[in-house]
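Worksheet: the structure to be examined is printed underneath.
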Amino acid sequence: MRMKFIWKTMVTLIFLLTAITSWNGNVFAETISESEPNNDIESAQEIETISDTDGVLTDFEDADFYEFDMPKTGKFYAGVMLGNDDYDNERYASDYIVTIYDQNGEAIWQSEVNSFDNEDGVLTYVQELETVLEQGRYYLSVRVFDYSYLEEQAYLLVTGAEFEADFSLDSITTNVKSPQLLGKTIQIKGNSKNQGLEYSFYINGVMARDFGSSSTFDWKPTKAGKYKITVYARSTDQYSAVVSKEISYEVIDGAVKISSLGANYSSPMVMNSTIVWTAKATGPDLQYQFSVLFNKKWTVIQKYSTKSTVSWKPKTAGTYQMKVDVKSKTSGKVATKTSSNYSIFKPSPISITSVSPDIKSPQFSGTEIIFNTKAKGAHLEYRYRVYNGYSWYVARDFSSVSSFFLYPYLTGNYKIAVDIRQKGSATIKTKTISYSIKEAPKFTMNSDYDIYDNSAYLKVSNNGYKNLVVQKIQFVNDGKVIFTHTAKNFITIGQKTETFYFYPKATVSNFTYNTVIKVYYSYDGMNGVAYLMR
């Protein structure tokens with residue numbers, strides 16, 4: 001009993017790879033038993049093309065023969081699992097073979113060993129074959145090789161066939177188009193030009209109706225969703241193939257949901273601006289109606305249509321609200337959404353009072369410079385444009401932020417233009433200032449002081465292209481200057497290295513390893529300070 005159960009699992013695996021499936025009623029025929037004598041073709045036991053047969057191989061001299069008819073040309077499958085238990089199944093897996101013979105007794109096909117894991121995870125072995133046979137009579141043998149020590153081992157022979165259909169399923173139609181509302185009965189029809197077929201209906205892979213002569217099925221879905229409808233068709237022939245077609249179908253509950261209602265410009269906006277409102281909603285076959293509230297009165301500005309947007313051009317300053325009603329033509333359901341207050345203002349005079357950088361021109365390249373603009377007027381927007389010596393570009397487009405950060409890396413004379421406007425207005429006021437950016441110094445410095453010799457040096461490697469001029473050197477302890485040297489002719493030209501020596505008039509006795517050497521310099525007319533640690 002155990003082995004037979006395992007074999008049934010294996011058969012499912014084998015024939016799942018074919019077009020034969022469990023619902024056609026032919027894969028697992030009623031199991032019959034081997035009837036001796038059947039040791040040669042002349043005494044072969046007759047079986048159905050699709051059958052299950054129990055048998056026993058007694059020893060290496062035993063061979064069991066069967067005969068069957070192929071009613072038409074098609075694929076033929078056979079599989080044998082042998083063994084009284086799992087151990088014998090593995091031990092004798094290659095000690096026997098399944099052979100197909102034609103009507104003249106000539107061998108035309110033989111099996112091969114295959115394996116699979118059973119439900120206990122044990123590797124189970126099977127002799128199986130698959131071939132194409134034409135219409136006619138054939139023989140099949142289960143035979144032990146003469147080298148085997150096999151004795152009294154049970155087996156299960158399963159045969160099956162798959163035939164090409166000589167009919168077709170042309171289409172699937174429904175009496176109402178997708179999508180449809182929940183609760184409605186939908187008639188599904190399988191269409192074929194062939195007569196006398198049987199039809200089966202599946203919804204999302206689950207059988208809704210078994211094979212029957214009616215080509216229609218009335219389906220009443222119980223919940224909304226997207227469905228796969230499959231119709232199978234077969235003839236009444238015992239060995240009929242099965243053909244199928246599949247369609248998608250959507251069932252909806254008809255509800256209307258509005259996810260958002262918004263304008264392309266945020267409030268406030270200047271009067272006579274064109275403002276586009278957009279509604280986003282879900283539901284079947286939607287239509288949109290837009291209305292505006294002003295002075296406690298609602299006015300429809302777009303009647304129901306398929307357009308989910310509306311253009312609105314208010315001509316009067318004040319506070320407004322926009323409302324959208326969304327209706328499903330399919331279900332008749334309606335949803336409504338209203339915006340928050342939206343302000344429209346009247347244009348007023350605007351002007352720029354000043355544009356000021358936080359640090360004065362000139363500055364080294366790479367310096368962060370903040371430009372602040374002061375202006376007069378309500379609901380202002382600011383745009384910053386930059387001329388870098390070659391061309392103008394918009395560094396930041398119109399926004400409500402009045403300040404701007406610039407990080408110039410190219411040297412030259414810049415122009416910073418500030419444009420202001422009232423939000424939504426075409427009237428622009430502009431103010432431009434100039435700003436110089438110079439080459440940033442690139443250098444390394446090191447310095448030290450010998451307290452015993454009362455001598456000091458400063459080594460400068462100038463990697464830039466302008467002259468670097470050291471103006472002053474200081475020794476600093478905890479922020480307090482303990483020595484100052486005013487440099488003369490401490491000049492390092494571009495791409496050069498120079499070492500300068502200087503001698504304090506008196507020993508700087510409190511110079512220590514913690515003393516900071518502070519170097520004041522100028523580069524391309526710009527002053528800077530370097531801090532050196534010993």
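Residues in the structure tokens are numbered from 1 in each chain, the chains being A, B, ... in the order shown, and ligands are numbered from 1 in the order shown.
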
(message) Residues within 6 Å of range 177-179 of chain A, please, as a PyMOL selection string. Count only C-alpha atoms; anything in the same chain fewer than 3 positions from it doesn't count.
(response) chain A and resi 249-251

Would you export the selected residues with N, CA and C atoms as a PDB file, in the first residue's frame, please?
ATOM      1  N   TYR A 249     -10.995  39.323 -16.986  1.00  0.00           N
ATOM      2  CA  TYR A 249     -12.274  39.988 -16.740  1.00  0.00           C
ATOM      3  C   TYR A 249     -12.183  40.706 -15.400  1.00  0.00           C
ATOM      4  N   GLU A 250     -12.703  41.930 -15.359  1.00  0.00           N
ATOM      5  CA  GLU A 250     -12.647  42.714 -14.121  1.00  0.00           C
ATOM      6  C   GLU A 250     -14.049  42.959 -13.580  1.00  0.00           C
ATOM      7  N   VAL A 251     -14.170  42.746 -12.281  1.00  0.00           N
ATOM      8  CA  VAL A 251     -15.422  43.015 -11.569  1.00  0.00           C
ATOM      9  C   VAL A 251     -15.153  44.141 -10.583  1.00  0.00           C
TER      10      VAL A 251
END

(request) Mind giving me the straight-line distance from CA of Ala93 in chain A to CA of Arg137 in chain A in Å, one decimal? (result) 28.3 Å

Under the rule of at most 7 Å, produce a per-residue listing of range 488-530 of chain A near range 447-464 of chain A: chain, number, name, the closest pair of atoms, and the distance in Å, as JSON lines, using only C-alpha atoms.
{"residue": "A:Thr492", "atom": "CA", "partner": "A:Asn462", "partner_atom": "CA", "distance": 6.5}
{"residue": "A:Ile493", "atom": "CA", "partner": "A:Asn462", "partner_atom": "CA", "distance": 6.9}
{"residue": "A:Gly494", "atom": "CA", "partner": "A:Gly464", "partner_atom": "CA", "distance": 5.2}
{"residue": "A:Gln495", "atom": "CA", "partner": "A:Asn463", "partner_atom": "CA", "distance": 4.8}
{"residue": "A:Lys496", "atom": "CA", "partner": "A:Asn462", "partner_atom": "CA", "distance": 5.5}
{"residue": "A:Thr497", "atom": "CA", "partner": "A:Ser461", "partner_atom": "CA", "distance": 4.2}
{"residue": "A:Glu498", "atom": "CA", "partner": "A:Val460", "partner_atom": "CA", "distance": 5.4}
{"residue": "A:Thr499", "atom": "CA", "partner": "A:Lys459", "partner_atom": "CA", "distance": 4.2}
{"residue": "A:Phe500", "atom": "CA", "partner": "A:Leu458", "partner_atom": "CA", "distance": 5.2}
{"residue": "A:Tyr501", "atom": "CA", "partner": "A:Tyr457", "partner_atom": "CA", "distance": 4.3}
{"residue": "A:Phe502", "atom": "CA", "partner": "A:Ala456", "partner_atom": "CA", "distance": 5.4}
{"residue": "A:Tyr503", "atom": "CA", "partner": "A:Ser455", "partner_atom": "CA", "distance": 4.8}
{"residue": "A:Pro504", "atom": "CA", "partner": "A:Asn454", "partner_atom": "CA", "distance": 6.5}
{"residue": "A:Thr507", "atom": "CA", "partner": "A:Asn454", "partner_atom": "CA", "distance": 5.5}
{"residue": "A:Val508", "atom": "CA", "partner": "A:Ile451", "partner_atom": "CA", "distance": 6.7}
{"residue": "A:Ser509", "atom": "CA", "partner": "A:Ile451", "partner_atom": "CA", "distance": 6.8}

(request) Run DSSP on the backbone and give me the residues of range 264-443 of chain A it puts in strand (DSSP E or B), as a PyMOL selection string. (result) chain A and resi 269-270+275-282+286-294+297-305+309-312+318-328+334-338+342-345+351-357+363-364+369-376+380-387+392-399+403-406+412-422+429-438+443

Counting only C-alpha atoms, which residues in range 244-353 of chain A sit no more than 10 Å from range 199-206 of chain A? For each one, give the nearest pair of atoms and the distance in Å, sorted by chain then residue number, as JSON lines.
{"residue": "A:Ser244", "atom": "CA", "partner": "A:Ser200", "partner_atom": "CA", "distance": 9.3}
{"residue": "A:Glu246", "atom": "CA", "partner": "A:Tyr202", "partner_atom": "CA", "distance": 9.3}
{"residue": "A:Ser248", "atom": "CA", "partner": "A:Asn204", "partner_atom": "CA", "distance": 9.6}
{"residue": "A:Tyr249", "atom": "CA", "partner": "A:Ile203", "partner_atom": "CA", "distance": 9.9}

Could the residues in this selection be saved with C-alpha atoms as a PDB file, in the first residue's frame?
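The resulting result.pdb:
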ATOM      1  CA  SER A 244      -8.557  25.764 -23.821  1.00  0.00           C
ATOM      2  CA  GLU A 246      -8.376  32.213 -21.386  1.00  0.00           C
ATOM      3  CA  SER A 248      -9.232  38.463 -18.354  1.00  0.00           C
ATOM      4  CA  TYR A 249     -12.274  39.988 -16.740  1.00  0.00           C
TER       5      TYR A 249
END

(message) One number please: CA of Leu532 in chain A to CA of Asn489 in chain A, in Å, one decimal.
(response) 20.3 Å

(message) Which residue is closest to Leu182 in chain A? Choose from A:Asp253, A:Glu128, A:Asp62, A:Asp166 and count only C-alpha atoms.
(response) A:Asp253

Give me the range 130-229 of chain A side of the contact with range 40-55 of chain A, cut-off 6 Å, one line per residue showing its nearest atom pair and distance in Å at one decimal, counting only C-alpha atoms, sorted by chain and residue number, as a Markdown table.
| residue | atom | partner | partner_atom | distance |
| --- | --- | --- | --- | --- |
| A:Ala154 | CA | A:Gly55 | CA | 5.8 |
| A:Tyr155 | CA | A:Gly55 | CA | 5.3 |
| A:Leu156 | CA | A:Asp54 | CA | 4.7 |
| A:Leu157 | CA | A:Thr53 | CA | 5.0 |
| A:Val158 | CA | A:Asp52 | CA | 4.5 |
| A:Thr159 | CA | A:Ile50 | CA | 5.1 |
| A:Gly160 | CA | A:Ile50 | CA | 4.3 |

(message) Write out as a PyMOL selection string the set of residues from range 10-153 of chain A that DSSP, computed on the backbone, places in alpha helix (DSSP H).
(response) chain A and resi 10-16+86-91

Please save N, CA, C and O atoms of the selected residues as an mmCIF file, in the first residue's frame.
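out_9.cif, freshly written:
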data_model
loop_
_atom_site.group_PDB
_atom_site.id
_atom_site.type_symbol
_atom_site.label_atom_id
_atom_site.label_comp_id
_atom_site.auth_asym_id
_atom_site.auth_seq_id
_atom_site.Cartn_x
_atom_site.Cartn_y
_atom_site.Cartn_z
ATOM 1 N N MET A 10 4.337 9.875 -7.818
ATOM 2 C CA MET A 10 5.267 9.957 -8.922
ATOM 3 C C MET A 10 4.551 10.133 -10.248
ATOM 4 O O MET A 10 4.959 10.904 -11.103
ATOM 5 N N VAL A 11 3.450 9.404 -10.425
ATOM 6 C CA VAL A 11 2.688 9.501 -11.673
ATOM 7 C C VAL A 11 2.200 10.925 -11.878
ATOM 8 O O VAL A 11 2.224 11.459 -12.987
ATOM 9 N N THR A 12 1.750 11.521 -10.788
ATOM 10 C CA THR A 12 1.308 12.929 -10.890
ATOM 11 C C THR A 12 2.429 13.788 -11.435
ATOM 12 O O THR A 12 2.232 14.645 -12.302
ATOM 13 N N LEU A 13 3.661 13.548 -10.941
ATOM 14 C CA LEU A 13 4.801 14.318 -11.402
ATOM 15 C C LEU A 13 5.074 14.090 -12.878
ATOM 16 O O LEU A 13 5.308 15.019 -13.637
ATOM 17 N N ILE A 14 5.008 12.813 -13.302
ATOM 18 C CA ILE A 14 5.294 12.499 -14.706
ATOM 19 C C ILE A 14 4.278 13.157 -15.628
ATOM 20 O O ILE A 14 4.607 13.897 -16.552
ATOM 21 N N PHE A 15 3.001 12.892 -15.361
ATOM 22 C CA PHE A 15 1.992 13.310 -16.315
ATOM 23 C C PHE A 15 1.622 14.769 -16.199
ATOM 24 O O PHE A 15 0.945 15.309 -17.061
ATOM 25 N N LEU A 16 2.109 15.420 -15.125
ATOM 26 C CA LEU A 16 1.923 16.873 -15.050
ATOM 27 C C LEU A 16 2.712 17.555 -16.157
ATOM 28 O O LEU A 16 2.409 18.661 -16.574
ATOM 29 N N ASP A 86 11.361 0.916 -0.088
ATOM 30 C CA ASP A 86 12.275 1.934 -0.622
ATOM 31 C C ASP A 86 13.652 1.343 -0.931
ATOM 32 O O ASP A 86 14.286 1.711 -1.924
ATOM 33 N N TYR A 87 14.107 0.430 -0.078
ATOM 34 C CA TYR A 87 15.424 -0.179 -0.290
ATOM 35 C C TYR A 87 15.455 -0.963 -1.607
ATOM 36 O O TYR A 87 16.371 -0.812 -2.415
ATOM 37 N N ASP A 88 14.442 -1.808 -1.821
ATOM 38 C CA ASP A 88 14.393 -2.588 -3.057
ATOM 39 C C ASP A 88 14.217 -1.696 -4.276
ATOM 40 O O ASP A 88 14.738 -1.996 -5.357
ATOM 41 N N ASN A 89 13.462 -0.614 -4.109
ATOM 42 C CA ASN A 89 13.253 0.307 -5.230
ATOM 43 C C ASN A 89 14.574 0.860 -5.735
ATOM 44 O O ASN A 89 14.819 0.927 -6.945
ATOM 45 N N GLU A 90 15.447 1.215 -4.818
ATOM 46 C CA GLU A 90 16.756 1.754 -5.212
ATOM 47 C C GLU A 90 17.670 0.635 -5.721
ATOM 48 O O GLU A 90 18.360 0.787 -6.724
ATOM 49 N N ARG A 91 17.626 -0.521 -5.023
ATOM 50 C CA ARG A 91 18.527 -1.633 -5.357
ATOM 51 C C ARG A 91 18.293 -2.160 -6.762
ATOM 52 O O ARG A 91 19.246 -2.470 -7.502
#

(message) Using only C-alpha atoms, which protein or nucleic acid residues come within 10 Å of range 418-421 of chain A? Drop anything in the same chain fewer than 2 positions from it, and give the result as a PyMOL selection string.
(response) chain A and resi 347+349-352+354-355+371-373+375-386+396-400+402-404+415-416+423-433

Residues as selected, N, CA and C atoms, written as a compact mmCIF listing (two decimals), in the first residue's frame, can you do that?
# COMPACT_ATOMS: atom_id res chain seq x y z
N PRO A 347 -2.59 93.08 -8.23
CA PRO A 347 -1.21 93.51 -8.40
C PRO A 347 -0.96 94.86 -7.72
N PRO A 349 2.56 97.87 -6.74
CA PRO A 349 3.93 98.26 -7.12
C PRO A 349 4.97 97.42 -6.39
N ILE A 350 6.08 97.11 -7.10
CA ILE A 350 7.19 96.37 -6.50
C ILE A 350 8.49 97.08 -6.86
N SER A 351 9.52 96.91 -6.02
CA SER A 351 10.83 97.50 -6.29
C SER A 351 11.89 96.78 -5.48
N ILE A 352 13.14 96.86 -5.96
CA ILE A 352 14.27 96.27 -5.25
C ILE A 352 15.00 97.38 -4.52
N SER A 354 17.80 96.77 -2.30
CA SER A 354 19.24 96.50 -2.30
C SER A 354 19.51 95.03 -2.57
N VAL A 355 20.73 94.77 -3.12
CA VAL A 355 21.26 93.42 -3.26
C VAL A 355 22.65 93.45 -2.62
N PHE A 371 24.16 86.22 -1.14
CA PHE A 371 23.58 87.47 -1.60
C PHE A 371 22.18 87.61 -1.01
N ASN A 372 21.93 88.73 -0.39
CA ASN A 372 20.63 89.01 0.23
C ASN A 372 19.95 90.16 -0.50
N THR A 373 18.68 89.98 -0.81
CA THR A 373 17.93 91.00 -1.53
C THR A 373 16.83 91.56 -0.65
N ALA A 375 13.46 94.00 -0.89
CA ALA A 375 12.54 94.52 -1.91
C ALA A 375 11.24 94.95 -1.25
N LYS A 376 10.49 95.76 -1.99
CA LYS A 376 9.19 96.22 -1.52
C LYS A 376 8.10 95.59 -2.40
N GLY A 377 7.01 95.16 -1.75
CA GLY A 377 5.90 94.56 -2.47
C GLY A 377 5.42 93.31 -1.76
N ALA A 378 4.22 92.88 -2.09
CA ALA A 378 3.63 91.69 -1.46
C ALA A 378 3.71 90.49 -2.40
N HIS A 379 3.79 89.32 -1.82
CA HIS A 379 3.77 88.05 -2.56
C HIS A 379 4.89 88.01 -3.61
N LEU A 380 6.10 88.36 -3.18
CA LEU A 380 7.21 88.46 -4.11
C LEU A 380 7.88 87.11 -4.35
N GLU A 381 8.41 86.96 -5.58
CA GLU A 381 9.26 85.84 -5.94
C GLU A 381 10.58 86.38 -6.48
N TYR A 382 11.68 85.64 -6.23
CA TYR A 382 13.02 86.12 -6.56
C TYR A 382 13.71 85.12 -7.49
N ARG A 383 14.35 85.66 -8.52
CA ARG A 383 15.16 84.82 -9.42
C ARG A 383 16.57 85.39 -9.47
N TYR A 384 17.57 84.50 -9.42
CA TYR A 384 18.97 84.93 -9.47
C TYR A 384 19.60 84.42 -10.75
N ARG A 385 20.21 85.36 -11.48
CA ARG A 385 20.96 85.04 -12.69
C ARG A 385 22.41 85.48 -12.51
N VAL A 386 23.34 84.72 -13.12
CA VAL A 386 24.77 84.98 -12.94
C VAL A 386 25.45 85.08 -14.30
N ARG A 396 19.17 80.26 -9.97
CA ARG A 396 17.99 79.76 -9.26
C ARG A 396 16.76 80.47 -9.79
N ASP A 397 15.77 79.69 -10.19
CA ASP A 397 14.56 80.27 -10.78
C ASP A 397 13.68 80.89 -9.70
N PHE A 398 12.58 81.48 -10.14
CA PHE A 398 11.72 82.22 -9.22
C PHE A 398 11.27 81.34 -8.05
N SER A 399 11.41 81.90 -6.86
CA SER A 399 10.93 81.27 -5.64
C SER A 399 10.70 82.36 -4.60
N SER A 400 10.16 81.98 -3.46
CA SER A 400 9.89 82.96 -2.41
C SER A 400 11.11 83.27 -1.55
N SER A 402 14.54 84.94 -0.66
CA SER A 402 15.15 86.18 -1.11
C SER A 402 16.67 86.14 -1.12
N SER A 403 17.28 85.11 -0.55
CA SER A 403 18.74 85.03 -0.50
C SER A 403 19.23 83.94 -1.44
N PHE A 404 20.55 84.00 -1.74
CA PHE A 404 21.11 83.09 -2.73
C PHE A 404 22.56 82.80 -2.37
N LYS A 415 28.72 89.15 -12.67
CA LYS A 415 27.56 90.01 -12.47
C LYS A 415 26.44 89.15 -11.89
N ILE A 416 25.81 89.67 -10.85
CA ILE A 416 24.69 88.99 -10.20
C ILE A 416 23.44 89.81 -10.45
N LYS A 423 3.96 86.99 -7.43
CA LYS A 423 3.65 85.64 -7.83
C LYS A 423 2.55 85.62 -8.89
N GLY A 424 2.83 84.99 -10.02
CA GLY A 424 1.86 84.90 -11.09
C GLY A 424 1.85 86.08 -12.03
N SER A 425 2.60 87.14 -11.70
CA SER A 425 2.60 88.36 -12.53
C SER A 425 3.70 88.29 -13.57
N ALA A 426 3.49 88.97 -14.71
CA ALA A 426 4.50 89.03 -15.76
C ALA A 426 5.41 90.23 -15.61
N THR A 427 5.09 91.14 -14.69
CA THR A 427 5.90 92.34 -14.47
C THR A 427 7.12 92.00 -13.63
N ILE A 428 8.32 92.32 -14.14
CA ILE A 428 9.58 91.97 -13.48
C ILE A 428 10.42 93.22 -13.26
N LYS A 429 11.02 93.33 -12.07
CA LYS A 429 11.99 94.38 -11.76
C LYS A 429 13.34 93.71 -11.55
N THR A 430 14.43 94.39 -12.02
CA THR A 430 15.75 93.78 -11.98
C THR A 430 16.77 94.74 -11.39
N LYS A 431 17.72 94.17 -10.62
CA LYS A 431 18.87 94.93 -10.12
C LYS A 431 20.10 94.06 -10.28
N THR A 432 21.21 94.67 -10.76
CA THR A 432 22.44 93.93 -11.04
C THR A 432 23.60 94.54 -10.28
N ILE A 433 24.46 93.69 -9.70
CA ILE A 433 25.69 94.14 -9.04
C ILE A 433 26.86 93.36 -9.61

(message) Can you pull out the residues contacting Tyr96 in chain A? Cut-off 9 Å, using only C-alpha atoms, and skip same-chain residues under 5 positions away; I want them as number ranges by chain.
(response) A: 60, 82, 127, 142-145, 148

(request) Measuring atom to atom with only C-alpha atoms, identify which of A:Asp218, A:Glu67, A:Asp524, A:Asp325 is nearest to Val176 in chain A. (result) A:Asp218

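Those residues that approach Gly479 in chain A to within 12 Å, counting only C-alpha atoms, are A:Gln474, A:Asn514, A:Thr515, A:Val516, A:Ile517, A:Lys518, A:Tyr531; same-chain residues fewer than 5 positions away are not listed.
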
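If you look at CA of Trp312 in chain A and CA of Val334 in chain A, they are 22.9 Å away from each other.
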